[in-house]
$ cat my_file10.csv   # CSV, C-alpha atoms and all ligand atoms
chain,number,residue,atom,x,y,z
A,1,MET,CA,90.2,97.7,180.0
A,2,ARG,CA,89.2,94.3,178.8
A,3,ILE,CA,86.8,93.9,175.8
A,4,LEU,CA,85.1,90.8,174.3
A,5,VAL,CA,84.6,91.0,170.5
A,6,VAL,CA,82.0,88.7,169.2
A,7,GLU,CA,81.9,88.4,165.4
A,8,ASP,CA,81.7,85.4,163.2
A,9,GLU,CA,83.2,87.1,160.1
A,10,PRO,CA,87.0,86.3,160.8
A,11,ASP,CA,88.4,89.3,158.8
A,12,LEU,CA,86.2,91.8,160.5
A,13,ARG,CA,86.8,90.2,163.9
A,14,ARG,CA,90.5,90.3,163.6
A,15,SER,CA,90.6,93.8,162.3
A,16,LEU,CA,88.4,94.9,165.2
A,17,ALA,CA,90.6,93.2,167.7
A,18,ARG,CA,93.7,94.7,166.2
A,19,SER,CA,92.2,98.3,166.3
A,20,LEU,CA,91.0,97.9,169.8
A,21,ALA,CA,94.4,96.5,170.9
A,22,ASP,CA,96.0,99.6,169.3
A,23,ALA,CA,93.7,101.7,171.4
A,24,GLN,CA,95.1,100.0,174.5
A,25,PHE,CA,92.2,97.7,175.2
A,26,ALA,CA,92.9,94.1,176.1
A,27,VAL,CA,90.8,92.0,173.7
A,28,ASP,CA,89.3,88.5,173.7
A,29,GLU,CA,87.7,87.2,170.5
A,30,SER,CA,84.7,84.9,170.0
A,31,GLY,CA,83.2,83.6,166.8
A,32,ASP,CA,79.9,82.1,167.8
A,33,GLY,CA,77.0,82.7,170.2
A,34,GLU,CA,77.5,79.8,172.6
A,35,ASP,CA,81.2,80.5,173.1
A,36,ALA,CA,80.4,84.2,173.5
A,37,LEU,CA,77.9,83.7,176.3
A,38,PHE,CA,80.2,81.3,178.1
A,39,ARG,CA,83.0,83.8,178.0
A,40,ALA,CA,80.8,86.8,178.9
A,41,LEU,CA,79.7,85.0,182.1
A,42,GLU,CA,83.2,83.7,182.9
A,43,VAL,CA,85.2,86.9,182.6
A,44,ASP,CA,84.5,90.3,184.1
A,45,TYR,CA,84.6,92.3,180.8
A,46,ASP,CA,84.5,96.1,180.8
A,47,ALA,CA,82.4,96.0,177.7
A,48,ILE,CA,81.2,93.5,174.9
A,49,VAL,CA,81.0,94.2,171.2
A,50,LEU,CA,78.3,91.8,170.0
A,51,ASP,CA,77.3,91.0,166.4
A,52,LEU,CA,73.6,90.1,166.1
A,53,MET,CA,73.8,87.4,163.3
A,54,LEU,CA,75.9,84.6,164.8
A,55,PRO,CA,76.2,80.8,164.4
A,56,LEU,CA,75.0,78.5,167.2
A,57,LYS,CA,73.2,81.2,169.2
A,58,PRO,CA,71.9,84.6,167.9
A,59,GLY,CA,73.2,87.8,169.4
A,60,GLU,CA,69.8,88.6,171.0
A,61,ALA,CA,70.0,85.3,172.9
A,62,VAL,CA,73.5,85.9,174.0
A,63,LEU,CA,72.5,89.3,175.3
A,64,GLU,CA,69.4,87.9,177.0
A,65,GLY,CA,71.6,85.2,178.7
A,66,ILE,CA,74.0,87.9,180.0
A,67,ARG,CA,71.2,90.0,181.4
A,68,ARG,CA,69.4,87.0,182.9
A,69,ALA,CA,72.5,86.1,184.8
A,70,GLY,CA,72.3,89.6,186.3
A,71,ARG,CA,75.3,91.0,184.5
A,72,THR,CA,75.3,94.7,183.7
A,73,THR,CA,78.4,94.6,181.4
A,74,PRO,CA,77.9,97.3,178.7
A,75,VAL,CA,77.0,95.7,175.4
A,76,LEU,CA,77.3,97.4,172.0
A,77,LEU,CA,75.4,95.6,169.3
A,78,LEU,CA,76.7,95.4,165.7
A,79,THR,CA,74.2,94.6,163.0
A,80,ALA,CA,74.0,94.6,159.2
A,81,ARG,CA,70.2,95.3,159.5
A,82,ASP,CA,69.1,98.7,160.1
A,83,THR,CA,65.4,99.0,160.7
A,84,ILE,CA,63.6,100.7,163.6
A,85,ALA,CA,62.2,97.3,164.6
A,86,ASP,CA,65.7,95.8,164.9
A,87,ARG,CA,67.0,98.7,167.0
A,88,VAL,CA,64.0,98.5,169.3
A,89,ARG,CA,64.4,94.8,169.7
A,90,GLY,CA,68.1,95.1,170.5
A,91,LEU,CA,67.6,97.8,173.0
A,92,ASN,CA,64.6,95.8,174.6
A,93,HIS,CA,67.0,92.9,175.0
A,94,GLY,CA,69.3,95.0,177.1
A,95,ALA,CA,71.8,96.5,174.7
A,96,ASP,CA,73.4,99.7,175.7
A,97,ASP,CA,74.2,101.0,172.2
A,98,TYR,CA,73.9,100.0,168.6
A,99,LEU,CA,76.1,100.4,165.5
A,100,THR,CA,75.1,99.5,162.0
A,101,LYS,CA,77.7,98.0,159.6
A,102,PRO,CA,79.7,99.3,157.9
A,103,PHE,CA,81.0,101.6,160.6
A,104,VAL,CA,84.1,103.7,161.3
A,105,ILE,CA,86.4,102.1,163.9
A,106,ASP,CA,87.0,105.4,165.6
A,107,GLU,CA,83.3,105.8,166.2
A,108,LEU,CA,83.1,102.3,167.7
A,109,ILE,CA,86.0,103.1,170.1
A,110,ALA,CA,84.5,106.4,171.1
A,111,ARG,CA,81.2,104.8,171.8
A,112,LEU,CA,82.8,102.0,173.8
A,113,ARG,CA,84.7,104.4,176.0
A,114,ALA,CA,81.4,106.4,176.6
A,115,LEU,CA,79.6,103.1,177.5
A,116,ILE,CA,82.3,102.1,179.9
A,117,ARG,CA,82.4,105.6,181.5
A,118,ARG,CA,78.6,105.5,182.0
A,119,ALA,CA,78.7,102.0,183.4
A,120,GLN,CA,81.3,103.0,185.9
A,121,GLN,CA,79.3,106.1,186.8
A,122,GLN,CA,81.9,108.6,186.0
A,123,PRO,CA,80.2,110.8,183.4
A,124,TRP,CA,82.8,113.5,183.7
A,125,PRO,CA,85.9,112.1,182.0
A,126,VAL,CA,88.4,114.3,183.9
A,127,VAL,CA,89.4,113.4,187.4
A,128,THR,CA,91.3,115.8,189.7
A,129,ILE,CA,93.5,114.5,192.5
A,130,GLY,CA,95.5,117.2,194.3
A,131,SER,CA,97.5,119.0,191.6
A,132,LEU,CA,96.9,116.2,189.1
A,133,ARG,CA,94.3,116.3,186.3
A,134,ILE,CA,93.7,113.0,184.6
A,135,ASP,CA,91.7,113.1,181.4
A,136,LEU,CA,90.3,109.6,180.8
A,137,VAL,CA,89.1,110.4,177.2
A,138,GLN,CA,92.2,112.1,175.9
A,139,ARG,CA,94.3,109.7,178.0
A,140,ARG,CA,96.6,112.5,179.3
A,141,VAL,CA,97.8,113.5,182.7
A,142,TYR,CA,98.6,117.1,183.8
A,143,ARG,CA,100.3,118.4,186.9
A,144,ASP,CA,99.6,122.1,187.5
A,145,ASP,CA,98.4,122.2,183.9
A,146,VAL,CA,101.7,120.8,182.5
A,147,GLU,CA,101.3,117.5,180.7
A,148,VAL,CA,103.3,114.5,182.2
A,149,PRO,CA,103.8,111.9,179.5
A,150,LEU,CA,102.9,108.3,180.5
A,151,THR,CA,103.2,105.2,178.4
A,152,GLY,CA,100.1,103.4,177.4
A,153,ARG,CA,100.5,100.7,180.0
A,154,GLU,CA,101.3,103.3,182.7
A,155,PHE,CA,98.1,105.2,181.8
A,156,GLY,CA,96.2,101.9,181.8
A,157,ILE,CA,97.2,101.1,185.4
A,158,LEU,CA,96.5,104.7,186.6
A,159,GLU,CA,93.1,104.6,184.9
A,160,GLN,CA,92.1,101.4,186.6
A,161,LEU,CA,93.1,102.7,190.0
A,162,VAL,CA,91.4,106.0,189.4
A,163,ARG,CA,88.2,104.4,188.2
A,164,HIS,CA,88.1,102.2,191.4
A,165,ARG,CA,89.3,104.8,193.9
A,166,GLY,CA,89.4,103.6,197.4
A,167,ARG,CA,89.5,99.9,196.3
A,168,ILE,CA,92.6,97.7,196.4
A,169,LEU,CA,93.4,96.2,193.0
A,170,THR,CA,95.6,93.2,193.0
A,171,ARG,CA,98.4,92.7,190.5
A,172,THR,CA,96.3,90.0,188.8
A,173,MET,CA,93.3,92.4,188.4
A,174,LEU,CA,95.5,95.1,186.9
A,175,SER,CA,97.2,92.6,184.5
A,176,GLU,CA,93.9,91.3,183.3
A,177,HIS,CA,92.8,94.7,182.2
A,178,LEU,CA,96.1,95.5,180.5
A,179,TYR,CA,97.3,92.4,178.7
A,180,ASN,CA,95.8,90.0,176.2
A,181,ASP,CA,97.4,87.0,177.9
A,182,ALA,CA,98.1,87.9,181.6
A,183,SER,CA,99.9,84.6,182.1
A,184,GLU,CA,102.7,85.6,179.8
A,185,VAL,CA,103.4,88.8,181.7
A,186,MET,CA,106.5,88.9,184.0
A,187,SER,CA,105.3,88.7,187.5
A,188,ASN,CA,106.9,92.0,188.4
A,189,ALA,CA,105.6,93.9,185.3
A,190,ILE,CA,102.9,95.8,187.2
A,191,ASP,CA,105.4,96.7,190.0
A,192,VAL,CA,107.8,98.1,187.4
A,193,HIS,CA,105.0,100.3,185.8
A,194,VAL,CA,103.8,101.5,189.2
A,195,ALA,CA,107.4,102.5,190.1
A,196,ALA,CA,107.6,104.5,186.8
A,197,ILE,CA,104.2,106.2,187.5
A,198,ARG,CA,105.4,107.2,191.0
A,199,ARG,CA,108.6,108.6,189.6
A,200,LYS,CA,106.6,110.8,187.2
A,201,LEU,CA,103.6,111.7,189.3
A,202,GLY,CA,104.9,111.6,192.9
A,203,ALA,CA,105.4,108.8,195.4
A,204,GLY,CA,102.2,109.5,197.4
A,205,LEU,CA,99.6,109.0,194.7
A,206,ILE,CA,99.5,105.2,194.6
A,207,GLU,CA,99.6,103.3,197.9
A,208,THR,CA,101.0,99.8,198.2
A,209,ARG,CA,99.1,97.3,200.4
A,210,ARG,CA,101.6,94.6,201.2
A,211,GLY,CA,100.6,91.2,200.0
A,212,GLN,CA,97.4,92.6,198.4
A,213,GLY,CA,98.0,95.2,195.7
A,214,TYR,CA,97.7,98.9,195.0
A,215,LEU,CA,95.1,101.6,195.6
A,216,ILE,CA,94.5,105.3,195.2
A,217,ASP,CA,92.8,106.6,198.3
A,218,ALA,CA,89.3,108.0,197.8
K,301,CA,CA,77.6,87.9,161.7

$ encode --input "my_file10.csv" --output "structure tokens"
Amino acid sequence: MRILVVEDEPDLRRSLARSLADAQFAVDESGDGEDALFRALEVDYDAIVLDLMLPLKPGEAVLEGIRRAGRTTPVLLLTARDTIADRVRGLNHGADDYLTKPFVIDELIARLRALIRRAQQQPWPVVTIGSLRIDLVQRRVYRDDVEVPLTGREFGILEQLVRHRGRILTRTMLSEHLYNDASEVMSNAIDVHVAAIRRKLGAGLIETRRGQGYLIDA
């Protein structure tokens, strides 16, 4: 899943980006409001972490620009201010959640996952396909109640296909949600991971559409 982190304080931005990358998110960073709005409209992010006090364009204006363009990307606001009026203003501008600095990174990650889940209209984080049970929060897969260990990348691919069941996802779409710089990824990397998933979970789960990509049938 791809996240945009907008924060002008470089140390905080980098530490956020690093923690999110450790949690298997692909992360883009932005340090000012204008750049953030440009990126938010250019890239199909799964969620945006947005600081309110930013140079060039305040967070509220970035948020408003995103919503005016008709984008429903989940946005989690970060702020140093914590008054009822600030919260109400943020939510009125179309924010989905709100976190006051200082915060614990684990809470930010939990809230981001909840926002993404809600946005993708899968409130129940466990998906069952045949004898497989895929827990999207714990990031674990079970076959007949026995856990099948997947690597982070393998789970990431499975997750995208499960979240978009019935839709074909191209290799590019899958790479963009997995890697910080998809252009540096070997062209067959996705195929290699898919082959590993099939070895572990069975050949029938993920279908190949020649020349298009992969899907899990709805
Ligand atoms: Ca700031």

$ residues_around --input "my_file10.csv" --residues "Lys101 (chain A)" --least-positions-apart "5" --cutoff "12 Å" --atoms "all atoms listed in the file" --output "CSV table (one decimal) with C-alpha atoms, keeping the file's coordinate frame"
chain,number,residue,atom,x,y,z
A,7,GLU,CA,81.9,88.4,165.4
A,12,LEU,CA,86.2,91.8,160.5
A,51,ASP,CA,77.3,91.0,166.4
A,52,LEU,CA,73.6,90.1,166.1
A,53,MET,CA,73.8,87.4,163.3
A,77,LEU,CA,75.4,95.6,169.3
A,78,LEU,CA,76.7,95.4,165.7
A,79,THR,CA,74.2,94.6,163.0
A,80,ALA,CA,74.0,94.6,159.2
A,81,ARG,CA,70.2,95.3,159.5
A,82,ASP,CA,69.1,98.7,160.1
A,107,GLU,CA,83.3,105.8,166.2
A,108,LEU,CA,83.1,102.3,167.7

$ residues_around --input "my_file10.csv" --residues "Arg171 (chain A)" --least-positions-apart "6" --cutoff "9 Å" --atoms "only C-alpha atoms" --output "PyMOL selection string"
chain A and resi 187-191+212-214

$ atom_distance --input "my_file10.csv" --atom1 "CA of Arg143 (chain A)" --atom2 "CA of Ala23 (chain A)"
23.7 Å

$ residues_around --input "my_file10.csv" --residues "region 16-20 of chain A" --least-positions-apart "2" --cutoff "9 Å" --atoms "all atoms listed in the file" --output "ChimeraX atom specification"
/A:3-5,11-14,22-29,105-106,109

$ closest_residue --input "my_file10.csv" --among "A:Asp144, A:Glu64, A:Asp86, A:Glu154" --to "Ile129 (chain A)" --atoms "only C-alpha atoms"
A:Asp144

$ residues_around --input "my_file10.csv" --residues "Tyr142 (chain A)" --least-positions-apart "4" --cutoff "10 Å" --atoms "all atoms listed in the file" --output "ChimeraX atom specification"
/A:128,131-135,146-149,201

$ closest_residue --input "my_file10.csv" --among "A:Arg67, A:Lys200, A:Arg117, A:Lys57" --to "ligand CA 301 (chain K)" --atoms "all atoms listed in the file"
A:Lys57

$ closest_residue --input "my_file10.csv" --among "A:Ile66, A:Ile197, A:Ile168, A:Ala40" --to "Gly156 (chain A)" --atoms "only C-alpha atoms"
A:Ile197

$ atom_distance --input "my_file10.csv" --atom1 "CA of Ala47 (chain A)" --atom2 "CA of Gly211 (chain A)"
29.2 Å

$ closest_residue --input "my_file10.csv" --among "A:Met173, A:Leu205, A:Leu41, A:Leu56" --to "ligand CA 301 (chain K)" --atoms "all atoms listed in the file"
A:Leu56

$ atom_distance --input "my_file10.csv" --atom1 "CA of Ala69 (chain A)" --atom2 "CA of Leu161 (chain A)"
27.0 Å

$ closest_residue --input "my_file10.csv" --among "A:Asp145, A:Glu60, A:Asp217, A:Asp46" --to "Ala114 (chain A)" --atoms "only C-alpha atoms"
A:Asp46

$ closest_residue --input "my_file10.csv" --among "A:Arg89, A:Ile206, A:Arg199, A:Leu112" --to "Leu158 (chain A)" --atoms "all atoms listed in the file"
A:Ile206

$ residues_near_point --input "my_file10.csv" --point "(91.8, 104.2, 196.1)" --cutoff "6 Å" --atoms "all atoms listed in the file" --output "list in words"
Arg165, Gly166, Arg167, Leu215, Ile216, Asp217 and Ala218 of chain A

$ write_last_selection --input "my_file10.csv" --atoms "C-alpha atoms" --output "PDB file, in the coordinates of the input"
ATOM      1  CA  ARG A 165      89.300 104.800 193.900  1.00  0.00           C
ATOM      2  CA  GLY A 166      89.400 103.600 197.400  1.00  0.00           C
ATOM      3  CA  ARG A 167      89.500  99.900 196.300  1.00  0.00           C
ATOM      4  CA  LEU A 215      95.100 101.600 195.600  1.00  0.00           C
ATOM      5  CA  ILE A 216      94.500 105.300 195.200  1.00  0.00           C
ATOM      6  CA  ASP A 217      92.800 106.600 198.300  1.00  0.00           C
ATOM      7  CA  ALA A 218      89.300 108.000 197.800  1.00  0.00           C
TER       8      ALA A 218
END

$ residues_near_point --input "my_file10.csv" --point "(94.3, 87.8, 177.8)" --cutoff "10 Å" --atoms "only C-alpha atoms" --output "list in words"
Arg2, Ile3, Ala26, Val27, Asp28, Glu29, Ser175, Glu176, His177, Leu178, Tyr179, Asn180, Asp181, Ala182, Ser183, Glu184 and Val185 of chain A
